[in-house]
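The structure file work18.csv is reproduced below (CSV, C-alpha atoms).
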```csv
chain,number,residue,atom,x,y,z
A,1,MET,CA,25.1,30.1,-56.0
A,2,HIS,CA,24.7,29.2,-52.4
A,3,ILE,CA,24.2,25.4,-52.0
A,4,SER,CA,21.3,24.7,-49.6
A,5,GLU,CA,21.4,22.5,-46.6
A,6,GLY,CA,20.6,18.9,-47.1
A,7,VAL,CA,21.7,18.7,-50.8
A,8,LEU,CA,25.1,17.4,-50.3
A,9,SER,CA,26.3,14.1,-48.8
A,10,ALA,CA,28.5,14.0,-45.7
A,11,PRO,CA,31.8,13.2,-47.4
A,12,VAL,CA,31.4,16.2,-49.7
A,13,LEU,CA,30.6,18.4,-46.7
A,14,VAL,CA,33.6,17.2,-44.7
A,15,THR,CA,36.0,17.6,-47.6
A,16,GLY,CA,34.7,21.1,-48.2
A,17,ALA,CA,35.0,22.0,-44.5
A,18,ALA,CA,38.6,20.6,-44.5
A,19,PHE,CA,39.6,22.7,-47.5
A,20,ALA,CA,37.9,25.7,-46.0
A,21,ALA,CA,39.8,25.3,-42.8
A,22,ALA,CA,43.1,25.0,-44.6
A,23,GLY,CA,42.4,28.1,-46.6
A,24,ILE,CA,41.3,30.1,-43.6
A,25,SER,CA,44.3,29.1,-41.6
A,26,ILE,CA,46.6,30.3,-44.4
A,27,GLY,CA,44.5,33.5,-44.6
A,28,LEU,CA,44.7,34.2,-40.9
A,29,LYS,CA,48.4,33.5,-40.8
A,30,LYS,CA,49.0,36.0,-43.6
A,31,MET,CA,46.7,38.6,-42.2
A,32,GLY,CA,48.8,41.5,-41.0
A,33,TYR,CA,47.6,44.0,-38.4
A,34,GLU,CA,47.0,46.7,-40.9
A,35,LYS,CA,45.0,44.6,-43.3
A,36,ILE,CA,42.2,43.8,-40.9
A,37,PRO,CA,40.0,46.8,-41.8
A,38,GLN,CA,40.5,46.1,-45.5
A,39,VAL,CA,39.4,42.5,-45.0
A,40,ALA,CA,36.3,43.7,-43.0
A,41,VAL,CA,35.3,46.2,-45.7
A,42,LEU,CA,35.5,43.7,-48.5
A,43,SER,CA,33.7,41.1,-46.3
A,44,SER,CA,30.9,43.6,-45.8
A,45,ALA,CA,30.8,44.2,-49.6
A,46,PHE,CA,30.5,40.5,-50.2
A,47,PHE,CA,27.8,40.2,-47.6
A,48,VAL,CA,25.7,42.9,-49.1
A,49,ALA,CA,26.3,41.9,-52.8
A,50,SER,CA,24.2,38.8,-52.5
A,51,LEU,CA,21.2,41.0,-52.1
A,52,ILE,CA,21.6,42.6,-55.5
A,53,HIS,CA,19.7,40.4,-57.9
A,54,VAL,CA,20.1,40.5,-61.6
A,55,PRO,CA,16.8,39.6,-63.2
A,56,ILE,CA,18.3,38.4,-66.5
A,57,GLY,CA,18.5,34.8,-67.5
A,58,PRO,CA,16.6,31.7,-66.5
A,59,SER,CA,17.4,31.5,-62.8
A,60,SER,CA,17.6,33.6,-59.7
A,61,VAL,CA,21.1,35.0,-59.6
A,62,HIS,CA,22.9,37.8,-57.7
A,63,LEU,CA,26.2,39.5,-57.5
A,64,ILE,CA,29.0,37.7,-55.8
A,65,LEU,CA,32.0,40.0,-55.8
A,66,ASN,CA,34.5,37.2,-55.2
A,67,GLY,CA,36.7,38.5,-57.9
A,68,ILE,CA,37.5,41.8,-56.3
A,69,ASN,CA,37.7,40.1,-52.9
A,70,GLY,CA,40.4,37.7,-54.2
A,71,LEU,CA,42.2,40.4,-56.2
A,72,LEU,CA,42.6,42.7,-53.3
A,73,LEU,CA,42.9,40.1,-50.5
A,74,GLY,CA,44.6,37.0,-51.9
A,75,TRP,CA,44.4,34.3,-49.3
A,76,LEU,CA,42.8,36.7,-46.9
A,77,CYS,CA,39.6,36.4,-48.9
A,78,PHE,CA,39.1,33.0,-47.2
A,79,PRO,CA,38.4,34.5,-43.7
A,80,SER,CA,36.6,37.5,-45.4
A,81,ILE,CA,34.2,35.3,-47.3
A,82,LEU,CA,33.7,32.9,-44.4
A,83,VAL,CA,32.5,35.6,-42.2
A,84,ALA,CA,30.2,37.1,-44.8
A,85,LEU,CA,28.7,33.6,-45.7
A,86,ALA,CA,28.2,32.8,-42.0
A,87,LEU,CA,26.2,36.0,-41.5
A,88,GLN,CA,24.3,35.4,-44.7
A,89,ALA,CA,23.4,31.9,-43.5
A,90,ILE,CA,22.3,33.2,-40.1
A,91,LEU,CA,20.5,36.4,-41.0
A,92,PHE,CA,19.2,35.7,-44.5
A,93,GLN,CA,19.0,31.9,-44.4
A,94,PHE,CA,21.1,31.7,-47.6
A,95,GLY,CA,23.0,28.5,-47.7
A,96,GLY,CA,23.3,27.1,-44.2
A,97,VAL,CA,25.7,26.3,-41.4
A,98,THR,CA,26.6,22.8,-42.4
A,99,VAL,CA,27.4,23.8,-46.0
A,100,LEU,CA,29.4,26.8,-44.8
A,101,GLY,CA,32.7,25.0,-45.5
A,102,ILE,CA,32.0,24.0,-49.1
A,103,ASN,CA,30.4,27.3,-49.9
A,104,THR,CA,33.4,29.2,-48.6
A,105,VAL,CA,35.7,27.1,-50.8
A,106,ASN,CA,33.5,27.5,-53.8
A,107,MET,CA,33.5,31.3,-53.5
A,108,ALA,CA,37.0,31.9,-52.1
A,109,LEU,CA,39.2,29.5,-54.0
A,110,PRO,CA,38.4,31.2,-57.4
A,111,GLY,CA,39.3,34.5,-55.7
A,112,VAL,CA,42.7,33.1,-54.7
A,113,ILE,CA,43.3,31.7,-58.2
A,114,SER,CA,42.4,35.1,-59.7
A,115,TYR,CA,44.8,36.8,-57.3
A,116,TYR,CA,47.7,34.7,-58.6
A,117,LEU,CA,46.6,35.0,-62.2
A,118,PHE,CA,45.8,38.7,-62.3
A,119,SER,CA,47.2,40.8,-59.5
A,120,ARG,CA,50.5,41.4,-61.4
A,121,LEU,CA,48.7,42.2,-64.6
A,122,VAL,CA,46.4,44.6,-62.9
A,123,ASN,CA,49.4,46.4,-61.4
A,124,ARG,CA,50.8,47.2,-64.9
A,125,GLU,CA,51.2,50.8,-65.9
A,126,LYS,CA,49.5,50.2,-69.2
A,127,LYS,CA,45.8,51.0,-68.8
A,128,LEU,CA,44.7,48.5,-71.5
A,129,ILE,CA,46.4,45.5,-69.9
A,130,SER,CA,45.5,46.4,-66.4
A,131,LEU,CA,41.8,47.0,-67.1
A,132,THR,CA,41.5,43.9,-69.3
A,133,ALA,CA,43.0,41.8,-66.5
A,134,ALA,CA,40.5,43.4,-64.0
A,135,PHE,CA,37.6,42.5,-66.2
A,136,ALA,CA,38.9,39.0,-66.7
A,137,CYS,CA,39.4,38.6,-63.0
A,138,GLY,CA,35.8,39.5,-62.2
A,139,PHE,CA,34.5,37.4,-65.0
A,140,LEU,CA,36.5,34.3,-64.4
A,141,SER,CA,36.1,34.2,-60.6
A,142,VAL,CA,32.4,33.7,-61.1
A,143,PHE,CA,33.0,31.2,-63.8
A,144,PHE,CA,35.3,29.2,-61.6
A,145,SER,CA,32.8,29.3,-58.8
A,146,GLY,CA,30.2,27.9,-61.1
A,147,ILE,CA,32.5,25.0,-62.0
A,148,LEU,CA,33.3,24.4,-58.4
A,149,VAL,CA,29.6,24.3,-57.5
A,150,ALA,CA,28.9,21.9,-60.3
A,151,LEU,CA,31.8,19.8,-59.0
A,152,SER,CA,30.4,19.7,-55.5
A,153,LEU,CA,27.0,18.7,-56.9
A,154,LEU,CA,28.7,15.9,-58.9
A,155,PHE,CA,27.7,13.2,-56.4
A,156,THR,CA,24.1,14.3,-56.1
A,157,GLU,CA,23.1,15.4,-59.6
A,158,GLN,CA,25.1,12.8,-61.6
A,159,SER,CA,25.7,14.7,-64.9
A,160,PHE,CA,28.5,17.2,-64.3
A,161,MET,CA,28.4,18.7,-67.7
A,162,SER,CA,24.7,19.6,-67.8
A,163,VAL,CA,24.8,21.1,-64.3
A,164,ALA,CA,28.0,23.1,-65.1
A,165,LYS,CA,26.4,24.3,-68.3
A,166,LEU,CA,23.2,25.3,-66.5
A,167,ILE,CA,25.1,27.3,-63.8
A,168,VAL,CA,27.5,28.9,-66.2
A,169,VAL,CA,24.7,30.0,-68.6
A,170,ALA,CA,22.6,31.3,-65.7
A,171,HIS,CA,25.5,33.3,-64.4
A,172,LEU,CA,26.7,34.7,-67.7
A,173,PRO,CA,25.1,38.1,-67.1
A,174,ILE,CA,26.6,38.2,-63.6
A,175,MET,CA,30.0,37.4,-65.0
A,176,ILE,CA,29.9,40.3,-67.3
A,177,ILE,CA,28.6,42.6,-64.6
A,178,GLU,CA,31.2,41.5,-62.1
A,179,GLY,CA,33.8,42.0,-64.8
A,180,ILE,CA,32.7,45.6,-65.3
A,181,ILE,CA,32.5,46.2,-61.5
A,182,THR,CA,36.0,44.9,-61.0
A,183,LEU,CA,37.2,47.0,-63.9
A,184,PHE,CA,35.8,50.2,-62.3
A,185,CYS,CA,37.1,49.3,-58.9
A,186,VAL,CA,40.6,48.8,-60.3
A,187,ALA,CA,40.4,52.0,-62.4
A,188,PHE,CA,39.3,53.9,-59.3
A,189,LEU,CA,42.0,52.4,-57.1
A,190,HIS,CA,44.7,53.1,-59.7
A,191,ARG,CA,43.8,56.7,-59.5
A,192,VAL,CA,43.4,57.2,-55.7
A,193,LYS,CA,45.3,54.3,-54.1
A,194,PRO,CA,47.6,52.3,-56.3
A,195,GLU,CA,49.3,50.7,-53.3
A,196,LEU,CA,46.2,48.7,-52.6
A,197,LEU,CA,46.7,46.8,-55.9
A,198,GLY,CA,50.3,46.0,-55.1
A,199,GLY,CA,49.6,42.7,-53.3
A,200,ILE,CA,48.2,42.2,-49.9
A,201,TYR,CA,51.1,40.5,-48.1
A,202,GLY,CA,53.7,43.2,-48.5
A,203,LYS,CA,53.9,44.3,-44.9
A,204,ALA,CA,52.4,41.3,-43.1
A,205,THR,CA,53.8,41.0,-39.6
B,1,MET,CA,50.4,55.1,-41.1
B,2,GLU,CA,48.8,58.2,-42.4
B,3,LYS,CA,48.6,56.8,-45.9
B,4,ARG,CA,47.2,53.5,-44.8
B,5,HIS,CA,44.5,55.3,-42.8
B,6,ASN,CA,43.6,57.1,-46.0
B,7,SER,CA,43.2,54.0,-48.1
B,8,THR,CA,40.8,52.5,-45.6
B,9,MET,CA,38.9,55.7,-45.6
B,10,TYR,CA,38.6,55.6,-49.4
B,11,LEU,CA,37.3,52.0,-49.3
B,12,LEU,CA,34.8,52.9,-46.5
B,13,ILE,CA,33.5,55.9,-48.4
B,14,LEU,CA,33.1,53.8,-51.6
B,15,PHE,CA,31.4,51.1,-49.7
B,16,PHE,CA,28.9,53.2,-47.8
B,17,ALA,CA,28.1,55.2,-51.0
B,18,SER,CA,27.3,51.9,-52.7
B,19,ILE,CA,25.1,50.7,-49.8
B,20,ILE,CA,23.1,53.9,-50.0
B,21,ILE,CA,22.7,53.5,-53.7
B,22,ILE,CA,21.6,49.9,-53.3
B,23,SER,CA,19.2,50.5,-50.5
B,24,THR,CA,17.4,53.4,-52.2
B,25,SER,CA,17.3,52.3,-55.8
B,26,LEU,CA,16.8,48.5,-55.7
B,27,PRO,CA,14.2,46.5,-53.8
B,28,VAL,CA,15.8,44.3,-51.3
B,29,LEU,CA,15.8,40.8,-52.6
B,30,ALA,CA,17.0,37.5,-51.2
B,31,HIS,CA,18.3,34.4,-52.5
B,32,LYS,CA,16.9,31.1,-51.4
B,33,VAL,CA,14.1,28.9,-52.5
B,34,ILE,CA,11.1,28.1,-50.5
B,35,ILE,CA,8.1,25.8,-50.9
B,36,PHE,CA,4.8,26.3,-49.2
B,37,ALA,CA,2.0,23.7,-49.1
B,38,TRP,CA,-1.5,23.5,-47.8
B,39,VAL,CA,-4.3,21.0,-47.9
B,40,GLU,CA,-7.8,21.6,-49.4
B,41,GLY,CA,-10.1,18.6,-49.3
B,42,ASP,CA,-8.2,15.7,-50.7
B,43,THR,CA,-5.7,17.7,-52.6
B,44,VAL,CA,-2.4,19.3,-51.6
B,45,PHE,CA,-1.5,22.6,-53.2
B,46,THR,CA,2.1,23.8,-53.3
B,47,GLU,CA,3.7,27.0,-54.3
B,48,SER,CA,7.4,27.4,-54.9
B,49,LYS,CA,9.4,30.6,-55.0
B,50,PHE,CA,12.8,32.1,-55.0
B,51,SER,CA,12.5,34.6,-52.2
B,52,GLY,CA,12.5,37.8,-54.0
B,53,GLY,CA,9.3,36.8,-55.6
B,54,ARG,CA,10.4,34.9,-58.6
B,55,GLU,CA,8.6,31.6,-59.1
B,56,ALA,CA,10.5,28.4,-59.3
B,57,THR,CA,9.2,27.1,-62.6
B,58,GLY,CA,9.7,23.7,-63.9
B,59,ALA,CA,11.3,22.6,-60.7
B,60,GLN,CA,11.1,19.0,-59.4
B,61,VAL,CA,8.8,18.3,-56.5
B,62,LEU,CA,9.1,15.0,-54.6
B,63,VAL,CA,6.6,13.8,-52.0
B,64,PHE,CA,7.7,11.4,-49.3
B,65,ASP,CA,5.8,9.6,-46.6
B,66,ARG,CA,6.7,9.2,-43.0
B,67,ALA,CA,9.1,6.4,-43.6
B,68,GLY,CA,10.9,8.3,-46.3
B,69,LYS,CA,9.5,6.3,-49.2
B,70,GLN,CA,8.8,8.4,-52.3
B,71,LEU,CA,5.1,8.5,-53.1
B,72,LEU,CA,5.1,10.7,-56.2
B,73,GLU,CA,7.0,13.3,-58.1
B,74,GLY,CA,6.1,16.2,-60.4
B,75,LYS,CA,7.1,19.5,-61.8
B,76,THR,CA,6.0,23.0,-61.0
B,77,ASN,CA,4.1,24.9,-63.6
B,78,ASN,CA,4.8,28.4,-64.9
B,79,GLN,CA,3.4,30.0,-61.7
B,80,GLY,CA,5.6,27.7,-59.6
B,81,GLU,CA,2.5,25.8,-58.5
B,82,PHE,CA,2.1,22.0,-58.2
B,83,SER,CA,-0.9,20.1,-56.8
B,84,PHE,CA,-1.6,16.5,-56.2
B,85,LYS,CA,-4.2,14.2,-54.7
B,86,ILE,CA,-3.2,12.9,-51.3
B,87,PRO,CA,-2.0,9.4,-52.1
B,88,LYS,CA,-2.0,8.1,-48.5
B,89,LEU,CA,-3.0,9.2,-45.1
B,90,THR,CA,0.4,9.8,-43.5
B,91,ASP,CA,2.8,12.6,-42.7
B,92,LEU,CA,3.9,14.1,-46.0
B,93,ARG,CA,7.3,15.6,-46.6
B,94,ILE,CA,7.3,17.7,-49.8
B,95,VAL,CA,10.8,18.4,-51.2
B,96,LEU,CA,11.4,21.0,-53.8
B,97,ASN,CA,14.5,20.6,-55.9
B,98,ALA,CA,15.1,23.7,-57.9
B,99,GLY,CA,18.5,22.6,-59.3
B,100,MET,CA,21.9,24.1,-58.9
B,101,GLY,CA,21.9,23.2,-55.2
B,102,HIS,CA,18.7,24.9,-54.3
B,103,LYS,CA,16.5,22.8,-52.2
B,104,ALA,CA,13.6,23.4,-49.8
B,105,GLU,CA,11.0,21.3,-48.0
B,106,TRP,CA,7.7,21.5,-46.3
B,107,ARG,CA,6.0,19.1,-44.0
B,108,ILE,CA,2.3,18.4,-43.6
B,109,PRO,CA,1.5,16.4,-40.5
B,110,GLU,CA,-1.1,13.6,-40.7
B,111,SER,CA,-3.4,15.5,-38.4
B,112,GLU,CA,-3.6,18.4,-40.8
B,113,ILE,CA,-4.7,16.1,-43.6
B,114,ARG,CA,-7.3,14.5,-41.3
B,115,GLU,CA,-8.6,17.9,-40.3
B,116,ALA,CA,-8.9,19.0,-43.9
B,117,GLY,CA,-11.3,16.2,-44.4
B,118,GLY,CA,-9.2,14.3,-47.0
B,119,ILE,CA,-9.4,10.6,-47.7
B,120,LEU,CA,-10.5,9.5,-44.3
B,121,GLU,CA,-13.8,11.5,-44.5
B,122,LYS,CA,-14.9,9.7,-47.6
B,123,LYS,CA,-14.4,6.3,-46.0
B,124,ARG,CA,-16.5,7.3,-43.0
B,125,ALA,CA,-19.3,8.9,-45.0
B,126,GLY,CA,-22.6,7.0,-45.5
B,127,GLY,CA,-22.7,5.6,-42.1
B,128,SER,CA,-24.0,7.1,-38.9
B,129,SER,CA,-24.9,10.6,-39.9
B,130,GLN,CA,-27.9,11.9,-38.0
B,131,PRO,CA,-30.3,14.2,-39.8
B,132,ILE,CA,-31.0,17.5,-38.0
B,133,ASP,CA,-33.6,20.2,-38.4
B,134,VAL,CA,-32.4,21.7,-41.7
B,135,GLY,CA,-32.6,18.5,-43.5
B,136,LEU,CA,-28.8,18.2,-44.0
B,137,SER,CA,-26.8,15.6,-42.3
B,138,LYS,CA,-24.1,16.6,-39.9
B,139,GLU,CA,-21.5,15.4,-42.3
B,140,GLU,CA,-22.8,17.5,-45.1
B,141,ILE,CA,-22.9,20.7,-43.0
B,142,LYS,CA,-19.4,20.0,-41.9
B,143,LYS,CA,-18.3,19.6,-45.5
B,144,LEU,CA,-20.0,22.8,-46.6
B,145,ILE,CA,-18.4,24.8,-43.8
B,146,GLU,CA,-15.0,23.3,-44.7
B,147,GLU,CA,-15.4,24.1,-48.3
B,148,SER,CA,-16.3,27.7,-47.8
B,149,LEU,CA,-13.6,28.1,-45.2
B,150,ASP,CA,-11.1,26.8,-47.7
B,151,ARG,CA,-12.3,29.3,-50.2
B,152,LYS,CA,-12.3,32.2,-47.7
B,153,LEU,CA,-8.9,31.3,-46.3
B,154,ARG,CA,-7.1,31.0,-49.7
B,155,PRO,CA,-6.2,34.6,-49.9
B,156,ILE,CA,-4.8,34.5,-46.4
B,157,VAL,CA,-2.8,31.4,-47.1
B,158,ARG,CA,-1.5,33.2,-50.2
B,159,MET,CA,-0.6,36.2,-48.1
B,160,MET,CA,1.3,34.0,-45.7
B,161,THR,CA,3.3,32.6,-48.6
B,162,GLU,CA,4.1,36.1,-49.7
B,163,SER,CA,5.3,37.1,-46.3
B,164,GLN,CA,7.4,33.9,-46.1
B,165,SER,CA,9.2,34.8,-49.3
B,166,LYS,CA,10.0,38.3,-48.2
B,167,GLY,CA,13.7,39.1,-48.4
B,168,PRO,CA,15.8,40.2,-45.5
B,169,SER,CA,15.0,43.6,-43.9
B,170,ILE,CA,17.3,46.6,-43.7
B,171,THR,CA,17.8,45.8,-40.0
B,172,GLU,CA,19.2,42.4,-40.8
B,173,ILE,CA,21.5,43.9,-43.4
B,174,LEU,CA,22.8,46.7,-41.2
B,175,GLY,CA,23.1,44.2,-38.4
B,176,GLY,CA,25.3,41.9,-40.5
B,177,ILE,CA,27.5,44.8,-41.4
B,178,GLY,CA,27.7,45.7,-37.7
B,179,TYR,CA,28.8,42.2,-36.9
B,180,ILE,CA,31.6,42.4,-39.4
B,181,LEU,CA,32.8,45.7,-38.0
B,182,GLY,CA,32.6,44.2,-34.5
B,183,LEU,CA,34.6,41.2,-35.6
B,184,MET,CA,37.1,43.6,-37.1
B,185,GLY,CA,37.4,45.3,-33.7
B,186,VAL,CA,38.0,42.0,-31.9
B,187,ALA,CA,40.6,40.9,-34.5
B,188,ILE,CA,42.4,44.2,-34.1
B,189,TYR,CA,42.3,44.0,-30.3
B,190,PHE,CA,43.9,40.5,-30.3
B,191,LYS,CA,46.5,41.4,-32.9
B,192,ASN,CA,47.3,44.5,-30.9
B,193,ARG,CA,47.7,42.6,-27.6
B,194,GLY,CA,50.1,40.2,-29.3
B,195,LYS,CA,52.2,43.1,-30.4
B,196,LYS,CA,52.6,44.7,-27.1
B,197,ARG,CA,53.9,41.6,-25.4
```
Encoded form using structure tokens:
Amino acid sequence: MHISEGVLSAPVLVTGAAFAAAGISIGLKKMGYEKIPQVAVLSSAFFVASLIHVPIGPSSVHLILNGINGLLLGWLCFPSILVALALQAILFQFGGVTVLGINTVNMALPGVISYYLFSRLVNREKKLISLTAAFACGFLSVFFSGILVALSLLFTEQSFMSVAKLIVVAHLPIMIIEGIITLFCVAFLHRVKPELLGGIYGKAT
Amino acid sequence: MEKRHNSTMYLLILFFASIIIISTSLPVLAHKVIIFAWVEGDTVFTESKFSGGREATGAQVLVFDRAGKQLLEGKTNNQGEFSFKIPKLTDLRIVLNAGMGHKAEWRIPESEIREAGGILEKKRAGGSSQPIDVGLSKEEIKKLIEESLDRKLRPIVRMMTESQSKGPSITEILGGIGYILGLMGVAIYFKNRGKKR
């Protein structure tokens, strides 16, 4: 879902970069001393996830993991995803440096939205609610990302609906897989470290 | 503090376990699209792939001249290939548009087309060729050599396309993770310094 260099026009790139800068500054402000390792680990996970391809469907799609990033990091997923995307652009030539801003927003904003939608639900005692919310979080984060990518392509590809449909259909398998991954992560964390699910900003300095 | 340390440890273990699983069980694949083009005679052949080996089928290919004017467009076939006759002797810029924000381009300089004996050769033919011992004109021999070279080089060109589309290596992946851990160290350092003051 990385947008390549040279696809988007300058205004779209600038807008994307501005949004990204805003998100990152919020993220950095909220990043407490103790949260840094957690951000780094999830950033690495995001960095590696893009190498796992799922050979289902019409296009070339890979894992994204922005759902679990957002769920565990909230706004901190902006810096986390920026770092991972920058390294992907430099080392793997995915995306690119000029599109870094817009790509960061496309991936991180759905994560933040999922954080506000699901982090409370995931924290519930009832297994059913918590795990359903976790699945929905993984599923919908990818879905929102697809919508955002289609939105950013609006000015180059004209028909928003057809592009959005194409992206969403291509990523349907990924959405389901990410839902399941998020579900297992949450189930695992519930057992070993429930505090991690209790919101990221608790002890921010 | 103890507890927090634990939580990070859990995440780290989980993370490295998953990396080991990934790197052993799955072939390393990348995610970008590339187009590769070469000239044979008066035709340009292109191959388009998502790196990771999957062909970009049915993708739009646009060909521009030096001034940025569009010369022609077409779609890749089931093998991700597309070929066209050279419409004009100029630098060609071939742009692949695989949709969903995937785009790649390849340039063929004018000199390469000239060397491949494209359009220009035909215009020149028929004039001042000098017959030599074998009974073939210089031009004909040149053409024969070029044709057989094209044929012989095709597998090599293909190999180059393959190697171009190779995904990132394990060094790059581990390097990236190293960068992230390094950044983590820097971030902790600065936060820590702020605290002490």
>> I want to know what sits within 6 Å of range 94-111 of chain B, based on all atoms listed in the file, with residues of the same chain fewer than 2 positions away left out; could you give that as a VMD selection string?
In response: (chain A and resid 3 to 4) or (chain B and resid 34 59 to 63 90 to 92 113 to 114)
Near chain B, meaning an atom within 6 Å, which residues of chain A appear when counting only C-alpha atoms? Write them as a PDB file with C-alpha atoms, keeping the file's coordinate frame.
```pdb
ATOM      1  CA  ILE A   3      24.200  25.400 -52.000  1.00  0.00           C
ATOM      2  CA  SER A   4      21.300  24.700 -49.600  1.00  0.00           C
ATOM      3  CA  ALA A  40      36.300  43.700 -43.000  1.00  0.00           C
ATOM      4  CA  SER A  44      30.900  43.600 -45.800  1.00  0.00           C
ATOM      5  CA  LEU A  51      21.200  41.000 -52.100  1.00  0.00           C
ATOM      6  CA  PHE A  92      19.200  35.700 -44.500  1.00  0.00           C
ATOM      7  CA  PHE A  94      21.100  31.700 -47.600  1.00  0.00           C
TER       8      PHE A  94
END
```
> Got a sec: who's within 6 Å of range 136-139 of chain A, counting only C-alpha atoms, leaving out chain neighbours fewer than 2 positions off, as a list in words?
Replying inline: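 In the requested format, the answer is Gly67, Ser114, Ala133, Ala134, Ser141, Val142, Met175, Ile176, Glu178, Gly179 and Thr182 of chain A.
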> Separation of CA of Val7 in chain A and CA of Cys77 in chain A, in Å?
Replying inline: 25.2 Å
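Minimum distance to Gln38 in chain A across A:Gly23, A:Gly6, A:Pro79, A:Gly16 (counting all atoms listed in the file) occurs at A:Pro79.
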>> Please list as number ranges by chain every residue within 9 Å of Lys29 in chain A, counting all atoms listed in the file and excluding residues in the same chain fewer than 4 positions away.
In response: A: 24-25, 76
